[in-house]
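Colleague: Coordinates in work22.cif, mmCIF, N, CA and C atoms, are listed below.
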```cif
data_query
loop_
_atom_site.label_atom_id
_atom_site.label_comp_id
_atom_site.auth_asym_id
_atom_site.auth_seq_id
_atom_site.Cartn_x
_atom_site.Cartn_y
_atom_site.Cartn_z
N MET A 18 0.83 -1.20 0.00
CA MET A 18 0.00 0.00 0.00
C MET A 18 0.86 1.26 0.00
N LYS A 19 1.93 1.24 0.78
CA LYS A 19 2.80 2.42 0.84
C LYS A 19 3.46 2.68 -0.51
N ARG A 20 3.87 1.62 -1.20
CA ARG A 20 4.48 1.76 -2.52
C ARG A 20 3.51 2.41 -3.49
N ASN A 21 2.25 2.00 -3.45
CA ASN A 21 1.23 2.57 -4.34
C ASN A 21 1.05 4.07 -4.08
N LYS A 22 1.04 4.46 -2.82
CA LYS A 22 0.89 5.88 -2.48
C LYS A 22 2.08 6.70 -2.96
N ILE A 23 3.28 6.14 -2.83
CA ILE A 23 4.48 6.85 -3.28
C ILE A 23 4.44 7.03 -4.79
N ILE A 24 4.12 5.96 -5.50
CA ILE A 24 4.03 6.05 -6.97
C ILE A 24 2.96 7.05 -7.37
N TYR A 25 1.81 7.00 -6.69
CA TYR A 25 0.74 7.94 -7.00
C TYR A 25 1.18 9.38 -6.80
N TRP A 26 1.74 9.68 -5.63
CA TRP A 26 2.08 11.08 -5.33
C TRP A 26 3.24 11.60 -6.15
N VAL A 27 4.19 10.75 -6.49
CA VAL A 27 5.30 11.20 -7.35
C VAL A 27 4.78 11.50 -8.75
N SER A 28 4.00 10.58 -9.33
CA SER A 28 3.48 10.81 -10.68
C SER A 28 2.50 11.98 -10.70
N THR A 29 1.68 12.09 -9.68
CA THR A 29 0.72 13.20 -9.61
C THR A 29 1.43 14.53 -9.41
N GLY A 30 2.46 14.54 -8.57
CA GLY A 30 3.23 15.76 -8.36
C GLY A 30 3.92 16.23 -9.62
N LEU A 31 4.53 15.29 -10.35
CA LEU A 31 5.20 15.66 -11.61
C LEU A 31 4.18 16.13 -12.65
N LEU A 32 3.05 15.44 -12.71
CA LEU A 32 1.99 15.84 -13.64
C LEU A 32 1.49 17.25 -13.33
N CYS A 33 1.20 17.51 -12.06
CA CYS A 33 0.69 18.83 -11.67
C CYS A 33 1.75 19.91 -11.87
N ALA A 34 3.01 19.58 -11.67
CA ALA A 34 4.07 20.55 -11.92
C ALA A 34 4.13 20.91 -13.41
N MET A 35 4.00 19.89 -14.26
CA MET A 35 3.97 20.16 -15.71
C MET A 35 2.79 21.04 -16.10
N MET A 36 1.63 20.75 -15.53
CA MET A 36 0.44 21.53 -15.85
C MET A 36 0.54 22.95 -15.30
N LEU A 37 1.12 23.10 -14.13
CA LEU A 37 1.30 24.43 -13.54
C LEU A 37 2.26 25.25 -14.39
N PHE A 38 3.34 24.63 -14.85
CA PHE A 38 4.27 25.32 -15.73
C PHE A 38 3.60 25.72 -17.03
N SER A 39 2.82 24.81 -17.59
CA SER A 39 2.11 25.09 -18.84
C SER A 39 1.12 26.23 -18.68
N ALA A 40 0.32 26.18 -17.62
CA ALA A 40 -0.67 27.24 -17.39
C ALA A 40 0.01 28.58 -17.15
N SER A 41 1.10 28.58 -16.40
CA SER A 41 1.80 29.85 -16.15
C SER A 41 2.38 30.41 -17.43
N MET A 42 2.86 29.54 -18.31
CA MET A 42 3.37 30.01 -19.60
C MET A 42 2.23 30.61 -20.44
N TYR A 43 1.05 30.00 -20.37
CA TYR A 43 -0.10 30.52 -21.11
C TYR A 43 -0.46 31.91 -20.62
N PHE A 44 -0.33 32.16 -19.32
CA PHE A 44 -0.65 33.47 -18.77
C PHE A 44 0.45 34.49 -19.03
N MET A 45 1.71 34.09 -18.91
CA MET A 45 2.82 35.04 -19.00
C MET A 45 3.25 35.33 -20.43
N LYS A 46 3.11 34.35 -21.31
CA LYS A 46 3.53 34.52 -22.70
C LYS A 46 2.36 34.25 -23.63
N THR A 47 1.27 34.94 -23.36
CA THR A 47 0.02 34.68 -24.08
C THR A 47 0.16 34.88 -25.58
N ASP A 48 0.81 35.95 -26.01
CA ASP A 48 0.93 36.21 -27.45
C ASP A 48 1.74 35.13 -28.15
N GLU A 49 2.81 34.68 -27.50
CA GLU A 49 3.63 33.63 -28.09
C GLU A 49 2.86 32.32 -28.19
N VAL A 50 2.11 31.99 -27.15
CA VAL A 50 1.33 30.76 -27.15
C VAL A 50 0.20 30.85 -28.18
N LYS A 51 -0.41 32.03 -28.30
CA LYS A 51 -1.46 32.20 -29.31
C LYS A 51 -0.93 31.97 -30.72
N SER A 52 0.28 32.45 -30.99
CA SER A 52 0.85 32.24 -32.33
C SER A 52 1.16 30.77 -32.57
N ILE A 53 1.56 30.05 -31.52
CA ILE A 53 1.79 28.61 -31.66
C ILE A 53 0.47 27.89 -31.95
N PHE A 54 -0.59 28.27 -31.22
CA PHE A 54 -1.90 27.66 -31.45
C PHE A 54 -2.38 27.93 -32.87
N GLU A 55 -2.18 29.15 -33.35
CA GLU A 55 -2.59 29.47 -34.71
C GLU A 55 -1.79 28.66 -35.73
N GLY A 56 -0.53 28.36 -35.42
CA GLY A 56 0.28 27.51 -36.29
C GLY A 56 -0.26 26.09 -36.38
N PHE A 57 -0.93 25.65 -35.33
CA PHE A 57 -1.56 24.33 -35.31
C PHE A 57 -2.98 24.36 -35.88
N ASN A 58 -3.43 25.52 -36.33
CA ASN A 58 -4.80 25.74 -36.79
C ASN A 58 -5.83 25.56 -35.68
N TYR A 59 -5.42 25.85 -34.43
CA TYR A 59 -6.34 25.90 -33.30
C TYR A 59 -6.71 27.36 -33.09
N PRO A 60 -7.91 27.64 -32.62
CA PRO A 60 -8.28 29.03 -32.36
C PRO A 60 -7.47 29.60 -31.19
N SER A 61 -7.01 30.82 -31.34
CA SER A 61 -6.15 31.42 -30.31
C SER A 61 -6.93 31.88 -29.09
N TYR A 62 -8.24 32.02 -29.22
CA TYR A 62 -9.02 32.50 -28.07
C TYR A 62 -9.18 31.45 -26.97
N ILE A 63 -8.75 30.23 -27.20
CA ILE A 63 -8.88 29.20 -26.15
C ILE A 63 -7.68 29.15 -25.21
N VAL A 64 -6.67 29.97 -25.44
CA VAL A 64 -5.45 29.90 -24.63
C VAL A 64 -5.74 30.19 -23.16
N ILE A 65 -6.37 31.30 -22.85
CA ILE A 65 -6.63 31.66 -21.45
C ILE A 65 -7.65 30.71 -20.80
N PRO A 66 -8.78 30.38 -21.47
CA PRO A 66 -9.67 29.39 -20.86
C PRO A 66 -9.01 28.04 -20.62
N LEU A 67 -8.11 27.64 -21.51
CA LEU A 67 -7.40 26.38 -21.32
C LEU A 67 -6.46 26.46 -20.12
N ALA A 68 -5.81 27.60 -19.94
CA ALA A 68 -4.94 27.79 -18.77
C ALA A 68 -5.75 27.72 -17.48
N ILE A 69 -6.92 28.34 -17.47
CA ILE A 69 -7.79 28.30 -16.29
C ILE A 69 -8.26 26.86 -16.03
N ALA A 70 -8.61 26.15 -17.10
CA ALA A 70 -9.04 24.75 -16.96
C ALA A 70 -7.92 23.88 -16.40
N LYS A 71 -6.69 24.16 -16.81
CA LYS A 71 -5.56 23.40 -16.29
C LYS A 71 -5.40 23.64 -14.79
N LEU A 72 -5.53 24.88 -14.37
CA LEU A 72 -5.42 25.19 -12.94
C LEU A 72 -6.53 24.51 -12.14
N LEU A 73 -7.75 24.55 -12.67
CA LEU A 73 -8.87 23.89 -11.99
C LEU A 73 -8.68 22.38 -11.94
N GLY A 74 -8.11 21.82 -13.01
CA GLY A 74 -7.82 20.38 -13.03
C GLY A 74 -6.80 19.99 -11.99
N ILE A 75 -5.78 20.84 -11.82
CA ILE A 75 -4.77 20.59 -10.79
C ILE A 75 -5.43 20.57 -9.41
N VAL A 76 -6.29 21.55 -9.15
CA VAL A 76 -6.97 21.62 -7.86
C VAL A 76 -7.84 20.38 -7.65
N ALA A 77 -8.56 19.97 -8.67
CA ALA A 77 -9.44 18.79 -8.55
C ALA A 77 -8.64 17.53 -8.27
N ILE A 78 -7.51 17.38 -8.93
CA ILE A 78 -6.70 16.17 -8.74
C ILE A 78 -6.02 16.16 -7.37
N LEU A 79 -5.51 17.30 -6.95
CA LEU A 79 -4.80 17.34 -5.67
C LEU A 79 -5.73 17.25 -4.46
N THR A 80 -6.91 17.82 -4.57
CA THR A 80 -7.82 17.79 -3.42
C THR A 80 -8.61 16.49 -3.34
N ARG A 81 -8.95 15.89 -4.47
CA ARG A 81 -9.68 14.61 -4.52
C ARG A 81 -10.97 14.66 -3.71
N ARG A 82 -11.63 15.81 -3.65
CA ARG A 82 -12.85 15.94 -2.85
C ARG A 82 -14.08 15.34 -3.55
N SER A 83 -14.21 15.60 -4.82
CA SER A 83 -15.37 15.12 -5.56
C SER A 83 -14.90 14.10 -6.61
N ARG A 84 -15.46 12.92 -6.54
CA ARG A 84 -15.08 11.87 -7.49
C ARG A 84 -15.42 12.28 -8.92
N MET A 85 -16.56 12.94 -9.09
CA MET A 85 -16.97 13.37 -10.42
C MET A 85 -15.99 14.40 -10.98
N LEU A 86 -15.61 15.40 -10.19
CA LEU A 86 -14.66 16.40 -10.66
C LEU A 86 -13.29 15.79 -10.94
N LEU A 87 -12.91 14.82 -10.13
CA LEU A 87 -11.64 14.13 -10.33
C LEU A 87 -11.62 13.42 -11.69
N GLU A 88 -12.70 12.71 -11.99
CA GLU A 88 -12.80 12.01 -13.26
C GLU A 88 -12.80 12.98 -14.44
N TRP A 89 -13.51 14.11 -14.30
CA TRP A 89 -13.53 15.11 -15.35
C TRP A 89 -12.14 15.73 -15.55
N ALA A 90 -11.43 15.95 -14.47
CA ALA A 90 -10.07 16.52 -14.58
C ALA A 90 -9.15 15.56 -15.32
N TYR A 91 -9.20 14.28 -14.96
CA TYR A 91 -8.37 13.30 -15.67
C TYR A 91 -8.77 13.21 -17.14
N ALA A 92 -10.06 13.22 -17.42
CA ALA A 92 -10.52 13.15 -18.80
C ALA A 92 -10.08 14.38 -19.59
N GLY A 93 -10.22 15.54 -18.99
CA GLY A 93 -9.80 16.77 -19.65
C GLY A 93 -8.32 16.79 -19.96
N PHE A 94 -7.51 16.37 -18.99
CA PHE A 94 -6.07 16.30 -19.24
C PHE A 94 -5.75 15.26 -20.31
N PHE A 95 -6.47 14.15 -20.30
CA PHE A 95 -6.23 13.12 -21.31
C PHE A 95 -6.44 13.67 -22.72
N PHE A 96 -7.56 14.34 -22.92
CA PHE A 96 -7.84 14.90 -24.25
C PHE A 96 -6.86 16.02 -24.60
N ASP A 97 -6.49 16.82 -23.61
CA ASP A 97 -5.51 17.87 -23.84
C ASP A 97 -4.18 17.29 -24.32
N PHE A 98 -3.73 16.22 -23.67
CA PHE A 98 -2.45 15.62 -24.04
C PHE A 98 -2.51 14.92 -25.39
N ILE A 99 -3.62 14.26 -25.67
CA ILE A 99 -3.76 13.60 -26.98
C ILE A 99 -3.75 14.64 -28.09
N LEU A 100 -4.50 15.73 -27.91
CA LEU A 100 -4.54 16.78 -28.94
C LEU A 100 -3.20 17.49 -29.06
N ALA A 101 -2.50 17.69 -27.93
CA ALA A 101 -1.18 18.32 -27.98
C ALA A 101 -0.19 17.42 -28.71
N PHE A 102 -0.23 16.13 -28.40
CA PHE A 102 0.66 15.20 -29.08
C PHE A 102 0.39 15.20 -30.59
N ALA A 103 -0.87 15.11 -30.97
CA ALA A 103 -1.22 15.08 -32.39
C ALA A 103 -0.83 16.37 -33.10
N ALA A 104 -1.04 17.51 -32.44
CA ALA A 104 -0.69 18.79 -33.06
C ALA A 104 0.81 18.90 -33.28
N HIS A 105 1.59 18.54 -32.27
CA HIS A 105 3.04 18.62 -32.42
C HIS A 105 3.56 17.58 -33.42
N TRP A 106 2.96 16.43 -33.42
CA TRP A 106 3.37 15.39 -34.36
C TRP A 106 3.10 15.83 -35.80
N ASN A 107 1.91 16.38 -36.03
CA ASN A 107 1.56 16.83 -37.38
C ASN A 107 2.39 18.03 -37.82
N ALA A 108 2.75 18.89 -36.88
CA ALA A 108 3.58 20.06 -37.21
C ALA A 108 5.04 19.66 -37.40
N GLN A 109 5.41 18.47 -36.97
CA GLN A 109 6.78 17.96 -37.06
C GLN A 109 7.78 18.94 -36.47
N ASP A 110 7.43 19.47 -35.28
CA ASP A 110 8.33 20.42 -34.63
C ASP A 110 9.18 19.77 -33.54
N GLY A 111 9.02 18.46 -33.32
CA GLY A 111 9.83 17.74 -32.36
C GLY A 111 9.46 17.99 -30.91
N GLU A 112 8.32 18.62 -30.66
CA GLU A 112 7.90 18.96 -29.30
C GLU A 112 6.84 18.01 -28.75
N HIS A 113 6.62 16.89 -29.40
CA HIS A 113 5.58 15.97 -28.97
C HIS A 113 5.98 15.15 -27.75
N GLY A 114 7.23 15.15 -27.38
CA GLY A 114 7.70 14.36 -26.25
C GLY A 114 7.09 14.78 -24.92
N GLY A 115 6.92 16.07 -24.73
CA GLY A 115 6.32 16.56 -23.48
C GLY A 115 4.91 16.06 -23.29
N ALA A 116 4.14 16.05 -24.36
CA ALA A 116 2.76 15.55 -24.28
C ALA A 116 2.74 14.06 -24.01
N LEU A 117 3.69 13.34 -24.58
CA LEU A 117 3.76 11.90 -24.36
C LEU A 117 4.15 11.59 -22.91
N ILE A 118 5.10 12.34 -22.36
CA ILE A 118 5.50 12.16 -20.96
C ILE A 118 4.31 12.48 -20.04
N ALA A 119 3.61 13.57 -20.35
CA ALA A 119 2.45 13.95 -19.54
C ALA A 119 1.37 12.87 -19.61
N LEU A 120 1.18 12.27 -20.76
CA LEU A 120 0.19 11.20 -20.90
C LEU A 120 0.56 9.98 -20.08
N VAL A 121 1.85 9.63 -20.05
CA VAL A 121 2.31 8.51 -19.23
C VAL A 121 2.11 8.82 -17.74
N LEU A 122 2.49 10.03 -17.31
CA LEU A 122 2.30 10.42 -15.91
C LEU A 122 0.82 10.41 -15.53
N LEU A 123 -0.02 10.89 -16.45
CA LEU A 123 -1.46 10.90 -16.20
C LEU A 123 -1.99 9.49 -16.01
N THR A 124 -1.56 8.58 -16.85
CA THR A 124 -2.01 7.19 -16.77
C THR A 124 -1.56 6.55 -15.45
N ILE A 125 -0.32 6.76 -15.08
CA ILE A 125 0.19 6.21 -13.82
C ILE A 125 -0.57 6.80 -12.64
N SER A 126 -0.76 8.12 -12.66
CA SER A 126 -1.48 8.79 -11.57
C SER A 126 -2.89 8.25 -11.45
N TYR A 127 -3.57 8.09 -12.57
CA TYR A 127 -4.96 7.62 -12.56
C TYR A 127 -5.04 6.19 -12.02
N ILE A 128 -4.19 5.31 -12.53
CA ILE A 128 -4.23 3.90 -12.13
C ILE A 128 -3.92 3.75 -10.64
N PHE A 129 -2.85 4.41 -10.19
CA PHE A 129 -2.48 4.26 -8.78
C PHE A 129 -3.39 5.06 -7.86
N GLY A 130 -4.03 6.10 -8.37
CA GLY A 130 -5.01 6.83 -7.56
C GLY A 130 -6.23 5.99 -7.27
N ARG A 131 -6.58 5.11 -8.17
CA ARG A 131 -7.73 4.22 -7.95
C ARG A 131 -7.37 3.09 -7.00
N LYS A 132 -6.08 2.78 -6.88
CA LYS A 132 -5.65 1.69 -5.98
C LYS A 132 -5.57 2.13 -4.53
N ILE A 133 -5.37 3.41 -4.29
CA ILE A 133 -5.23 3.86 -2.89
C ILE A 133 -6.55 4.33 -2.32
#
```
What do you get writing this file as structure tokens?

Modeller:
Amino acid sequence: MKRNKIIYWVSTGLLCAMMLFSASMYFMKTDEVKSIFEGFNYPSYIVIPLAIAKLLGIVAILTRRSRMLLEWAYAGFFFDFILAFAAHWNAQDGEHGGALIALVLLTISYIFGRKI
């Protein structure tokens, strides 16, 4: 049981750190991120709402108060990472690794979160 908790909290901590870094970049370098989104043919107006959603997802995952919100946070991050991976892969910019790492961390966090 202790091993499961350690694996859960390490993977969840790394995942939340990645999301916090991503959201902070969306807030601090909004114009740069908007130009990247436009390069992927994504609408640029979703940058700030996506950053807010990432912050709310972090809160939902770390607090684990509502099972429904927890599941929605994991689902939202899953789709975010899949779309990020696909966008970077199609753009062939070599930046798809971060999304893949985040997807692996998300999967580990989800599986071990259900075990504890």

Colleague: Just the number, please: distance in Å from atom N of Thr47 in chain A to atom C of Ile63 in chain A, one decimal.

Modeller: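 One can read the atom N of Thr47 in chain A to atom C of Ile63 in chain A distance as 10.8 Å.
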
Colleague: I'd like the contact shell of range 85-96 of chain A - 8 Å cut-off, only N, CA and C atoms, skipping same-chain residues fewer than 3 positions apart - returned as a list in words.

Modeller: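 Returned residues: Ala70, Lys71, Leu73, Gly74, Ile75, Val76, Ala77, Ile78, Leu79, Thr80, Arg81, Arg82, Ile99, Leu100, Ala101, Phe102, Ala119, Leu120, Leu123, Thr124 and Tyr127 of chain A.
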
Colleague: For the interface of range 54-76 of chain A with range 35-45 of chain A (cut-off 7 Å, counting only C-alpha atoms), please tabulate each contacting residue of range 54-76 of chain A alongside its nearest pair of atoms and their separation in Å to one decimal, rows sorted by chain and increasing number, as a Markdown table.

Modeller:
```
| residue | atom | partner | partner_atom | distance |
| --- | --- | --- | --- | --- |
| A:Val64 | CA | A:Tyr43 | CA | 6.4 |
| A:Ile65 | CA | A:Tyr43 | CA | 6.6 |
| A:Ala68 | CA | A:Ala40 | CA | 4.5 |
| A:Lys71 | CA | A:Met36 | CA | 6.3 |
| A:Leu72 | CA | A:Leu37 | CA | 6.8 |
```

Colleague: Using N, CA and C atoms, can you export the residues from the last selection as a compact mmCIF listing (two decimals), keeping the file's coordinate frame?

Modeller:
```txt
# COMPACT_ATOMS: atom_id res chain seq x y z
N VAL A 64 -6.67 29.97 -25.44
CA VAL A 64 -5.45 29.90 -24.63
C VAL A 64 -5.74 30.19 -23.16
N ILE A 65 -6.37 31.30 -22.85
CA ILE A 65 -6.63 31.66 -21.45
C ILE A 65 -7.65 30.71 -20.80
N ALA A 68 -5.81 27.60 -19.94
CA ALA A 68 -4.94 27.79 -18.77
C ALA A 68 -5.75 27.72 -17.48
N LYS A 71 -6.69 24.16 -16.81
CA LYS A 71 -5.56 23.40 -16.29
C LYS A 71 -5.40 23.64 -14.79
N LEU A 72 -5.53 24.88 -14.37
CA LEU A 72 -5.42 25.19 -12.94
C LEU A 72 -6.53 24.51 -12.14
```

Colleague: Could you check how far CA of Pro66 in chain A sits from atom N of Ile128 in chain A, in Å to one decimal?

Modeller: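 Atom-to-atom, CA of Pro66 in chain A and atom N of Ile128 in chain A are spaced 26.1 Å apart.
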
Colleague: Between A:Asp97, A:Gly30, A:Phe54, A:Ile24, which is the closest to Ala116 in chain A once you count only N, CA and C atoms?

Modeller: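 When distances to Ala116 in chain A are compared using only N, CA and C atoms, the smallest one comes from A:Asp97.
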
Colleague: Find the residue from A:Tyr62, A:Phe57, A:Phe98, A:Tyr25 that sits nearest to Gly115 in chain A; use only N, CA and C atoms when measuring.

Modeller: A:Phe98

Colleague: Go through A:Ser28, A:His113, A:Val50, A:Arg84 one by one, measure the shortest atom-to-atom distance of each to Phe129 in chain A using only C-alpha atoms, and give the residue with the smallest value.

Modeller: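 With only C-alpha atoms as the atom set, the closest residue is A:Ser28.
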
Colleague: How far is it from atom N of Val121 in chain A to atom N of Ser52 in chain A, in Å with one decimal?

Modeller: 25.4 Å

Colleague: Need the shell around Trp26 in chain A: protein/DNA/RNA residues with any atom at most 8 Å away, counting all atoms listed in the file. Skip same-chain ones fewer than 5 positions apart. Format as JSON, numbers by chain?

Modeller: {"A": [20, 21, 31, 32, 125, 126, 129, 130]}

Colleague: Between A:Ala108, A:Ala103, A:Leu122, A:Leu67, which has the minimum distance to Glu55 in chain A (counting only C-alpha atoms)?

Modeller: A:Ala108
